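File shown: my_file01.cif. Contents: mmCIF, C-alpha atoms.
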data_start
#
loop_
_atom_site.label_atom_id
_atom_site.label_comp_id
_atom_site.auth_asym_id
_atom_site.auth_seq_id
_atom_site.Cartn_x
_atom_site.Cartn_y
_atom_site.Cartn_z
CA MET K 247 23.14 -28.54 -48.49
CA GLU K 248 23.02 -27.64 -44.78
CA LEU K 249 23.34 -30.37 -42.18
CA PHE K 250 22.92 -28.17 -39.14
CA LYS K 251 20.47 -25.28 -38.93
CA ASN K 252 20.38 -22.63 -36.24
CA THR K 253 22.84 -24.44 -33.99
CA ASN K 254 23.89 -22.70 -30.81
CA ILE K 255 26.71 -24.84 -29.44
CA ASP K 256 28.99 -23.24 -26.88
CA PHE K 257 32.30 -24.41 -28.32
CA LEU K 258 34.47 -22.00 -26.36
CA GLY K 259 32.75 -22.91 -23.11
CA LYS K 260 34.38 -26.36 -23.31
CA GLN K 261 37.82 -25.12 -24.41
CA LYS K 262 39.54 -26.27 -21.19
CA TYR K 263 38.52 -29.87 -21.86
CA PHE K 264 39.69 -29.76 -25.48
CA PHE K 265 42.98 -28.13 -24.57
CA GLY K 266 43.41 -30.92 -22.04
CA ILE K 267 42.74 -33.56 -24.71
CA SER K 268 45.27 -31.94 -27.04
CA LEU K 269 47.94 -31.71 -24.36
CA LEU K 270 47.35 -35.36 -23.46
CA LEU K 271 47.69 -36.49 -27.10
CA ILE K 272 50.85 -34.42 -27.54
CA ALA K 273 52.32 -35.79 -24.31
CA ILE K 274 51.58 -39.38 -25.33
CA GLY K 275 53.08 -38.85 -28.79
CA VAL K 276 56.21 -37.10 -27.55
CA GLY K 277 56.58 -39.72 -24.82
CA SER K 278 56.45 -42.43 -27.49
CA TRP K 279 59.20 -40.63 -29.45
CA ALA K 280 61.38 -40.45 -26.37
CA ALA K 281 60.78 -44.10 -25.41
CA LYS K 282 61.64 -45.31 -28.92
CA GLY K 283 64.59 -42.98 -29.40
CA GLY K 284 62.83 -40.82 -31.99
CA LEU K 285 60.63 -41.33 -35.02
CA LYS K 286 61.05 -44.31 -37.30
CA TYR K 287 62.44 -43.05 -40.59
CA GLY K 288 62.27 -44.95 -43.85
CA ILE K 289 65.09 -45.59 -46.27
CA ASP K 290 64.37 -42.23 -47.93
CA PHE K 291 65.82 -40.51 -44.84
CA THR K 292 68.20 -43.04 -43.29
CA GLY K 293 69.89 -44.30 -46.45
CA GLY K 294 69.58 -47.74 -47.99
CA ALA K 295 68.53 -49.52 -51.15
CA ASN K 296 65.15 -50.18 -52.76
CA ILE K 297 65.08 -53.26 -54.98
CA ASN K 298 62.02 -53.83 -57.18
CA VAL K 299 61.29 -57.51 -57.75
CA ARG K 300 58.58 -58.76 -60.11
CA PHE K 301 57.05 -62.22 -59.71
CA ALA K 302 55.22 -64.42 -62.18
CA SER K 303 52.30 -64.69 -59.75
CA LYS K 304 51.18 -63.05 -56.50
CA PRO K 305 54.31 -62.70 -54.34
CA PRO K 306 54.31 -64.35 -50.88
CA ILE K 307 55.23 -61.28 -48.79
CA ASP K 308 55.88 -63.05 -45.47
CA ARG K 309 58.07 -65.69 -47.07
CA ILE K 310 60.09 -63.07 -48.95
CA ARG K 311 60.58 -60.98 -45.82
CA ALA K 312 61.67 -63.98 -43.75
CA ALA K 313 64.15 -65.18 -46.40
CA VAL K 314 65.77 -61.77 -47.02
CA SER K 315 65.89 -60.86 -43.30
CA ALA K 316 67.69 -64.11 -42.55
CA ARG K 317 70.39 -63.28 -45.12
CA ILE K 318 70.81 -59.49 -44.78
CA PRO K 319 71.38 -57.90 -41.33
CA GLY K 320 69.33 -54.89 -40.27
CA GLU K 321 65.69 -53.99 -40.71
CA VAL K 322 64.31 -55.20 -44.05
CA SER K 323 61.00 -53.91 -45.44
CA VAL K 324 58.92 -55.65 -48.11
CA GLN K 325 56.08 -53.66 -49.70
CA GLU K 326 53.68 -55.02 -52.29
CA VAL K 327 52.92 -52.82 -55.30
CA THR K 328 49.14 -52.66 -55.63
CA GLY K 329 47.76 -54.16 -58.83
CA GLU K 330 51.11 -55.68 -59.81
CA ASN K 331 52.87 -58.94 -58.97
CA GLU K 332 55.72 -56.84 -57.68
CA VAL K 333 57.37 -56.01 -54.37
CA ILE K 334 59.81 -53.34 -53.21
CA ILE K 335 62.48 -54.74 -50.89
CA GLY K 336 64.07 -52.05 -48.74
CA ILE K 337 67.41 -52.94 -47.18
CA PRO K 338 69.79 -50.88 -45.01
CA LEU K 339 72.91 -49.77 -46.85
CA LYS K 340 75.84 -47.75 -45.52
CA GLU K 341 77.85 -47.31 -48.71
CA ASP K 342 76.84 -46.77 -52.33
CA LYS K 343 79.43 -49.28 -53.54
CA ALA K 344 77.71 -52.04 -51.54
CA LEU K 345 74.58 -51.85 -53.73
CA GLN K 346 75.72 -54.48 -56.24
CA GLN K 347 76.80 -56.79 -53.44
CA GLU K 348 73.48 -56.50 -51.63
CA ARG K 349 71.56 -56.80 -54.90
CA GLN K 350 73.37 -60.06 -55.59
CA ALA K 351 72.60 -61.22 -52.04
CA VAL K 352 68.89 -60.58 -52.64
CA VAL K 353 69.01 -62.46 -55.96
CA GLU K 354 70.78 -65.41 -54.35
CA THR K 355 68.34 -65.46 -51.46
CA LEU K 356 65.29 -65.37 -53.72
CA THR K 357 66.87 -68.00 -55.98
CA GLN K 358 67.44 -70.33 -53.05
CA THR K 359 63.89 -69.73 -51.85
CA PHE K 360 61.94 -69.78 -55.12
CA GLY K 361 64.35 -71.00 -57.82
CA GLU K 362 65.80 -74.34 -58.83
CA LYS K 363 68.87 -76.01 -57.35
CA THR K 364 70.70 -76.45 -60.64
CA ASP K 365 73.76 -75.26 -62.49
CA ARG K 366 71.65 -73.94 -65.36
CA LEU K 367 71.48 -70.20 -65.99
CA ASP K 368 68.47 -68.27 -64.71
CA LEU K 369 67.23 -66.54 -67.87
CA ASN K 370 64.91 -64.19 -65.97
CA ASN K 371 67.85 -62.69 -64.04
CA ALA K 372 70.68 -62.94 -66.56
CA ASN K 373 72.19 -60.11 -68.59
CA ALA K 374 72.98 -60.28 -72.30
CA GLN K 375 76.68 -61.05 -71.80
CA MET K 376 75.96 -63.92 -69.40
CA LEU K 377 73.38 -65.43 -71.76
CA ALA K 378 75.65 -65.13 -74.81
CA GLU K 379 78.56 -66.82 -73.03
CA ARG K 380 76.31 -69.60 -71.75
CA LEU K 381 74.95 -70.37 -75.24
CA ARG K 382 78.21 -70.09 -77.24
CA GLU K 383 79.45 -73.68 -76.92
CA PRO K 384 76.00 -75.37 -76.86
CA PHE K 385 75.11 -73.56 -80.11
CA GLN K 386 78.37 -74.74 -81.66
CA ARG K 387 77.67 -78.35 -80.62
CA ALA K 388 74.16 -78.04 -82.05
CA ALA K 389 75.62 -76.78 -85.35
CA ILE K 390 73.93 -73.39 -85.05
CA PRO K 391 76.27 -71.04 -86.95
CA MET K 392 76.62 -67.76 -85.00
CA ASN K 393 79.67 -65.63 -84.30
CA ASP K 394 80.13 -63.72 -81.03
CA GLU K 395 78.62 -60.53 -82.35
CA GLN K 396 75.53 -62.29 -83.68
CA LEU K 397 75.14 -64.29 -80.47
CA LEU K 398 75.31 -61.14 -78.32
CA ALA K 399 72.73 -59.43 -80.55
CA LEU K 400 70.43 -62.46 -80.19
CA ALA K 401 70.82 -62.41 -76.41
CA ARG K 402 69.90 -58.71 -76.34
CA ARG K 403 66.79 -59.32 -78.44
CA ILE K 404 65.70 -62.11 -76.09
CA LEU K 405 66.12 -59.88 -73.03
CA GLU K 406 64.36 -56.94 -74.70
CA PHE K 407 61.45 -59.26 -75.44
CA LYS K 408 61.48 -60.53 -71.85
CA ASN K 409 61.44 -57.02 -70.41
CA SER K 410 58.68 -55.70 -72.67
CA PRO K 411 54.99 -55.72 -71.61
CA PRO K 412 53.08 -57.78 -70.72
CA ARG K 413 55.98 -59.98 -69.53
CA SER K 414 57.74 -57.07 -67.79
CA GLY K 415 60.85 -59.07 -67.02
CA VAL K 416 59.41 -62.53 -66.25
CA LEU K 417 59.14 -65.30 -68.82
CA THR K 418 56.91 -68.18 -67.75
CA SER K 419 57.60 -70.50 -70.67
CA PHE K 420 60.42 -70.96 -73.17
CA ASP K 421 57.79 -71.27 -75.91
CA GLN K 422 57.25 -67.52 -75.58
CA LEU K 423 60.64 -67.06 -77.29
CA ARG K 424 59.06 -68.11 -80.59
CA GLU K 425 57.98 -64.47 -80.93
CA VAL K 426 61.59 -63.22 -80.84
CA GLU K 427 63.06 -62.33 -84.23
CA GLY K 428 65.70 -64.83 -85.36
CA VAL K 429 64.95 -67.48 -82.74
CA THR K 430 64.33 -70.94 -84.20
CA PRO K 431 62.80 -74.02 -82.53
CA GLN K 432 66.27 -75.57 -82.44
CA MET K 433 67.64 -72.55 -80.56
CA ILE K 434 64.74 -72.68 -78.09
CA GLU K 435 65.54 -76.32 -77.37
CA VAL K 436 69.19 -75.47 -76.62
CA ILE K 437 68.13 -72.53 -74.43
CA ARG K 438 65.72 -74.82 -72.58
CA GLN K 439 68.58 -77.23 -71.82
CA GLN K 440 71.00 -74.52 -70.67
CA CYS K 441 68.63 -72.19 -68.82
CA TYR K 442 65.69 -72.23 -66.47
CA LEU K 443 63.01 -69.63 -65.61
CA ALA K 444 62.91 -68.41 -62.03
CA PRO K 445 59.48 -67.10 -60.99
CA PHE K 446 60.89 -63.62 -60.35
CA THR K 447 63.18 -60.96 -61.77
CA ILE K 448 65.01 -57.92 -60.38
CA ARG K 449 63.50 -54.99 -62.26
CA SER K 450 65.50 -52.16 -60.71
CA ALA K 451 67.73 -51.28 -57.77
CA GLU K 452 68.35 -47.79 -56.47
CA VAL K 453 70.43 -46.61 -53.56
CA ILE K 454 70.10 -43.62 -51.23
CA GLY K 455 73.30 -42.88 -49.32
CA PRO K 456 73.19 -41.97 -45.59
CA LYS K 457 74.39 -38.42 -46.30
CA ILE K 458 71.70 -37.89 -48.94
CA GLY K 459 69.10 -39.40 -46.60
CA ALA K 460 70.06 -37.00 -43.79
CA GLU K 461 69.97 -34.08 -46.21
CA MET K 462 66.52 -35.07 -47.44
CA ARG K 463 65.32 -35.33 -43.84
CA ASN K 464 66.54 -31.81 -43.09
CA LYS K 465 64.94 -30.48 -46.26
CA ALA K 466 61.64 -32.15 -45.34
CA VAL K 467 61.64 -30.40 -41.94
CA LEU K 468 62.48 -27.09 -43.59
CA ALA K 469 59.70 -27.58 -46.16
CA VAL K 470 57.11 -27.91 -43.38
CA LEU K 471 58.53 -24.92 -41.49
CA TYR K 472 58.65 -22.76 -44.63
CA ALA K 473 55.02 -23.67 -45.38
CA LEU K 474 53.99 -22.61 -41.88
CA GLY K 475 56.03 -19.38 -42.13
CA GLY K 476 54.54 -18.51 -45.51
CA MET K 477 51.02 -19.05 -44.23
CA LEU K 478 51.73 -16.92 -41.16
CA VAL K 479 52.78 -14.03 -43.40
CA TYR K 480 49.73 -14.50 -45.66
CA LEU K 481 47.27 -14.51 -42.77
CA ALA K 482 48.98 -11.54 -41.14
CA LEU K 483 48.45 -9.57 -44.36
CA ARG K 484 44.92 -10.80 -45.00
CA PHE K 485 43.66 -10.57 -41.40
CA GLU K 486 45.90 -9.59 -38.50
CA PHE K 487 49.07 -11.08 -37.09
CA VAL K 488 47.18 -12.67 -34.21
CA TYR K 489 44.96 -14.56 -36.66
CA GLY K 490 48.00 -15.93 -38.43
CA LEU K 491 49.66 -16.89 -35.16
CA ALA K 492 46.56 -18.74 -33.93
CA ALA K 493 46.22 -20.63 -37.24
CA VAL K 494 49.92 -21.59 -37.36
CA LEU K 495 49.88 -22.81 -33.76
CA ALA K 496 46.83 -24.93 -34.54
CA VAL K 497 48.46 -26.45 -37.63
CA PHE K 498 51.70 -27.08 -35.71
CA HIS K 499 49.52 -28.86 -33.13
CA ASP K 500 48.07 -31.02 -35.94
CA VAL K 501 51.49 -32.02 -37.27
CA ILE K 502 52.82 -32.95 -33.81
CA ILE K 503 49.79 -35.10 -33.01
CA THR K 504 49.91 -36.81 -36.42
CA LEU K 505 53.60 -37.63 -35.96
CA GLY K 506 52.73 -38.92 -32.50
CA PHE K 507 50.28 -41.39 -34.05
CA PHE K 508 53.04 -42.53 -36.41
CA SER K 509 55.29 -43.19 -33.43
CA LEU K 510 52.56 -45.03 -31.51
CA THR K 511 51.74 -47.28 -34.48
CA ASP K 512 55.43 -47.75 -35.36
CA LYS K 513 54.98 -46.51 -38.92
CA GLU K 514 57.85 -45.20 -41.03
CA ILE K 515 58.26 -41.56 -42.00
CA SER K 516 58.99 -41.46 -45.74
CA LEU K 517 58.84 -38.84 -48.48
CA ASN K 518 55.22 -39.85 -49.10
CA VAL K 519 54.41 -39.06 -45.48
CA VAL K 520 56.10 -35.65 -45.76
CA ALA K 521 53.94 -34.96 -48.82
CA ALA K 522 50.88 -35.91 -46.77
CA LEU K 523 51.96 -33.60 -43.92
CA LEU K 524 52.32 -30.69 -46.32
CA THR K 525 48.85 -31.51 -47.68
CA LEU K 526 47.58 -31.58 -44.11
CA VAL K 527 49.11 -28.16 -43.41
CA GLY K 528 47.27 -26.65 -46.36
CA TYR K 529 43.99 -28.45 -45.63
CA SER K 530 43.90 -27.56 -41.94
CA MET K 531 44.87 -23.98 -42.66
CA ASN K 532 42.09 -23.66 -45.23
CA ASP K 533 39.55 -24.99 -42.71
CA THR K 534 40.73 -22.47 -40.13
CA ILE K 535 40.61 -19.58 -42.61
CA VAL K 536 36.92 -20.30 -43.32
CA VAL K 537 36.10 -19.84 -39.64
CA PHE K 538 38.31 -16.76 -39.31
CA ASP K 539 36.77 -15.21 -42.42
CA ARG K 540 33.30 -15.57 -40.94
CA ILE K 541 34.54 -14.00 -37.68
CA ARG K 542 35.88 -11.04 -39.63
CA GLU K 543 32.58 -10.60 -41.51
CA VAL K 544 30.60 -10.65 -38.24
CA LEU K 545 32.97 -8.11 -36.68
CA LYS K 546 32.55 -5.77 -39.67
CA LEU K 547 28.76 -5.97 -39.51
CA SER K 548 28.46 -5.64 -35.74
CA ARG K 549 31.34 -3.17 -35.32
CA ARG K 550 32.17 -4.72 -31.98
CA GLU K 551 35.29 -6.12 -30.42
CA LEU K 552 36.00 -9.82 -30.65
CA THR K 553 34.13 -11.80 -27.97
CA PRO K 554 33.58 -15.52 -27.30
CA ALA K 555 29.94 -15.08 -28.37
CA ILE K 556 30.96 -13.79 -31.81
CA VAL K 557 33.42 -16.67 -32.26
CA ASN K 558 30.79 -19.22 -31.19
CA ASP K 559 28.28 -17.79 -33.66
CA SER K 560 30.86 -17.88 -36.46
CA ILE K 561 31.77 -21.51 -35.78
CA ASN K 562 28.09 -22.51 -35.64
CA GLN K 563 27.41 -20.74 -38.95
CA THR K 564 30.26 -22.60 -40.71
CA LEU K 565 29.65 -25.93 -38.98
CA SER K 566 27.72 -27.54 -41.86
CA ARG K 567 30.37 -26.56 -44.38
CA THR K 568 33.14 -27.86 -42.11
CA VAL K 569 31.50 -31.22 -41.47
CA LEU K 570 30.56 -31.77 -45.13
CA THR K 571 34.00 -30.87 -46.47
CA SER K 572 35.92 -32.79 -43.83
CA GLY K 573 33.57 -35.77 -44.02
CA LEU K 574 33.96 -36.21 -47.78
CA THR K 575 37.73 -35.76 -47.55
CA LEU K 576 37.90 -38.30 -44.74
CA ILE K 577 35.95 -40.86 -46.77
CA SER K 578 38.42 -40.50 -49.66
CA ALA K 579 41.41 -40.77 -47.32
CA LEU K 580 39.94 -43.86 -45.63
CA ALA K 581 39.38 -45.55 -48.99
CA LEU K 582 42.99 -44.82 -49.94
CA TRP K 583 44.21 -46.16 -46.60
CA LEU K 584 42.15 -49.35 -46.74
CA PHE K 585 42.59 -50.18 -50.43
CA GLY K 586 45.65 -48.21 -51.57
CA GLY K 587 48.15 -50.91 -50.65
CA PRO K 588 51.36 -50.79 -48.57
CA VAL K 589 53.14 -48.26 -50.77
CA LEU K 590 50.51 -45.57 -50.09
CA ASN K 591 49.68 -46.73 -46.57
CA GLY K 592 51.79 -44.13 -44.77
CA PHE K 593 50.55 -41.30 -46.99
CA ALA K 594 46.90 -42.29 -46.52
CA PHE K 595 47.28 -42.87 -42.77
CA ALA K 596 48.71 -39.35 -42.35
CA LEU K 597 45.74 -37.94 -44.28
CA VAL K 598 43.18 -39.85 -42.20
CA VAL K 599 44.68 -38.71 -38.89
CA GLY K 600 45.39 -35.23 -40.24
CA VAL K 601 41.86 -34.57 -41.52
CA ILE K 602 40.35 -35.57 -38.18
CA VAL K 603 42.85 -33.62 -36.08
CA GLY K 604 42.84 -30.65 -38.48
CA THR K 605 39.06 -30.29 -38.35
CA TYR K 606 39.14 -30.58 -34.58
CA SER K 607 41.88 -27.94 -34.21
CA SER K 608 40.23 -25.38 -36.48
CA ILE K 609 37.23 -25.35 -34.13
CA PHE K 610 38.59 -26.17 -30.70
CA ILE K 611 42.20 -24.90 -30.82
CA ALA K 612 42.64 -22.03 -33.30
CA SER K 613 39.53 -20.08 -32.27
CA PRO K 614 40.15 -20.26 -28.50
CA ILE K 615 43.78 -19.14 -29.05
CA LEU K 616 42.47 -16.17 -31.04
CA VAL K 617 40.02 -15.19 -28.28
CA PHE K 618 42.60 -15.64 -25.53
CA TRP K 619 45.14 -13.46 -27.30
CA GLN K 620 42.57 -10.79 -28.20
CA GLU K 621 41.20 -10.59 -24.65
CA ARG K 622 44.71 -10.29 -23.29
CA PHE K 623 45.44 -7.46 -25.74
CA GLN K 624 42.20 -5.69 -24.81
CA ARG K 625 43.00 -5.94 -21.10
CA LYS K 626 46.40 -4.37 -21.72
CA ARG K 627 44.82 -1.62 -23.79
CA ARG K 628 42.29 -0.84 -21.06
CA ALA K 629 44.98 -0.95 -18.39
CA ALA K 630 47.20 1.55 -20.21
CA PRO K 631 45.00 4.66 -19.55
CA SER K 632 44.55 3.64 -15.90
CA ALA K 633 48.30 3.33 -15.46
CA ALA K 634 48.80 6.76 -17.06
CA LYS K 635 46.30 8.31 -14.60
#

Show how you would write the structure in this file as structure tokens.
Amino acid sequence: MELFKNTNIDFLGKQKYFFGISLLLIAIGVGSWAAKGGLKYGIDFTGGANINVRFASKPPIDRIRAAVSARIPGEVSVQEVTGENEVIIGIPLKEDKALQQERQAVVETLTQTFGEKTDRLDLNNANAQMLAERLREPFQRAAIPMNDEQLLALARRILEFKNSPPRSGVLTSFDQLREVEGVTPQMIEVIRQQCYLAPFTIRSAEVIGPKIGAEMRNKAVLAVLYALGGMLVYLALRFEFVYGLAAVLAVFHDVIITLGFFSLTDKEISLNVVAALLTLVGYSMNDTIVVFDRIREVLKLSRRELTPAIVNDSINQTLSRTVLTSGLTLISALALWLFGGPVLNGFAFALVVGVIVGTYSSIFIASPILVFWQERFQRKRRAAPSAAK
């Protein structure tokens, strides 16, 4: 399929305007970094805790965020897991040993907001030991003969049942316990009297220390730099060093502008975003290689030196392929951004911006850099014999 036939667009003739646009975007992005004191990093890089909370029904994000932010100092993030009644609460954390304390603070906050004001035990957020101790005396009063070992085993079976699909940690009715081995109607009645069912449960809690976060941030930067260095070497071997340099500068331009958009929109930089940036590096580089490969083929056939006319012809010849490939990729990235949910929002946003900027740079940035460098080299080569004379 060919969208454009026999096009003759003078891309290089407008290079000053496009370089101006790029410099303006870079200046705005870098200015935003400076004004905000740098990029906004997520818990992956700054350190903190991610607490997964599952609800019995669709979680009220704004209400959760307001309740947790009022209790825990610092910037709190609440992200909904798409397709699940589950949220990920991100809280700042300076020490690993504070995880249990902050986890308990989140549980207490959610209990006060969504639970019951009672002295009964919350079955959805209790462990086996807590449940066994709570039921020991009531079972004795109800003449249910169970020793401590049997009671603890029963509590573990109840929690295993609660945590298994499709409940996944949240019981909505005590009648569901009829399916648990060894649980009788009399036991259910006692459990009903001693416990209640909060509409949520803490599924997991993980902590990333500040030192680990800083180390991950440094490794993420190195990963991007290593990718650019590897591609420079590859292009230098496949084409010439100048081709590799032009492509790497264009990709570096893409990354800077994409990060600038993250700063302008106040979005967090997380590991997902780094993965998207690495994807962008590969995608943009591939787009640039297609144009460069066509330039090399034209040079071989014509046996001439590189000129703006040859570059313009090469870009025009690959224009249909570039638009089709980038257009389809952009549609996929847009769908992921619009419907992928908060967890994938940063990743998808980086792809959307990156695909647009990467396609733009492969045409309007990489090729003009190649021509500029080549013309400068040719002028030096012509000037050398004159200087010798």

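Picture a line from CA of Pro445 (chain K) to CA of Ala302 (chain K); it runs 5.2 Å.
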
I'd like a table as CSV: residues in region 419-522 of chain K with an atom no more than 7 Å from region 255-278 of chain K, each row giving the shortest atom pair and its distance in Å to one decimal, all atoms listed in the file counted, sorted by chain and rising residue number.
residue,atom,partner,partner_atom,distance
K:Ile502,CA,K:Ile272,CA,6.7
K:Ile503,CA,K:Ile272,CA,5.6
K:Gly506,CA,K:Gly275,CA,3.7
K:Phe507,CA,K:Gly275,CA,6.5
K:Ser509,CA,K:Ser278,CA,6.1
K:Leu510,CA,K:Ser278,CA,6.2

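Here the question is which of K:Tyr442, K:Phe485, K:Phe585, K:Phe595 gets nearest to Thr504 (chain K) using all atoms listed in the file, and that residue is K:Phe595.
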
- Spatial neighbours of Gln422 (chain K), 10 Å, only C-alpha atoms, chain gap at least 4 places, as a PyMOL selection string: chain K and resi 407-408+413+417-418+426+434

Those residues you just picked out, can you put them in a file as a short mmCIF file (atom, residue, chain, number, x, y, z; two decimals), in the frame of the given file with C-alpha atoms?
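The resulting out-v3.cif:
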data_model
loop_
_atom_site.label_atom_id
_atom_site.label_comp_id
_atom_site.auth_asym_id
_atom_site.auth_seq_id
_atom_site.Cartn_x
_atom_site.Cartn_y
_atom_site.Cartn_z
CA PHE K 407 61.45 -59.26 -75.44
CA LYS K 408 61.48 -60.53 -71.85
CA ARG K 413 55.98 -59.98 -69.53
CA LEU K 417 59.14 -65.30 -68.82
CA THR K 418 56.91 -68.18 -67.75
CA VAL K 426 61.59 -63.22 -80.84
CA ILE K 434 64.74 -72.68 -78.09
#

- Message: I'd like the contact shell of region 317-329 of chain K - 8 Å cut-off, all atoms listed in the file, skipping same-chain residues fewer than 5 positions apart - returned as a ChimeraX atom specification.
- Response: /K:305,307,310-311,334-338,348,351,355,586-589

- Query: What gap, in Å, lies between CA of Ile609 (chain K) and CA of Ala469 (chain K)?
  - Reply: 25.6 Å

- Surrounding residues of region 285-301 of chain K excluding itself and chain neighbours under 6 positions, 7 Å, all atoms listed in the file, as number ranges by chain: K: 279, 331-340, 345, 416, 445-456, 459-460, 462-463, 509, 512-517
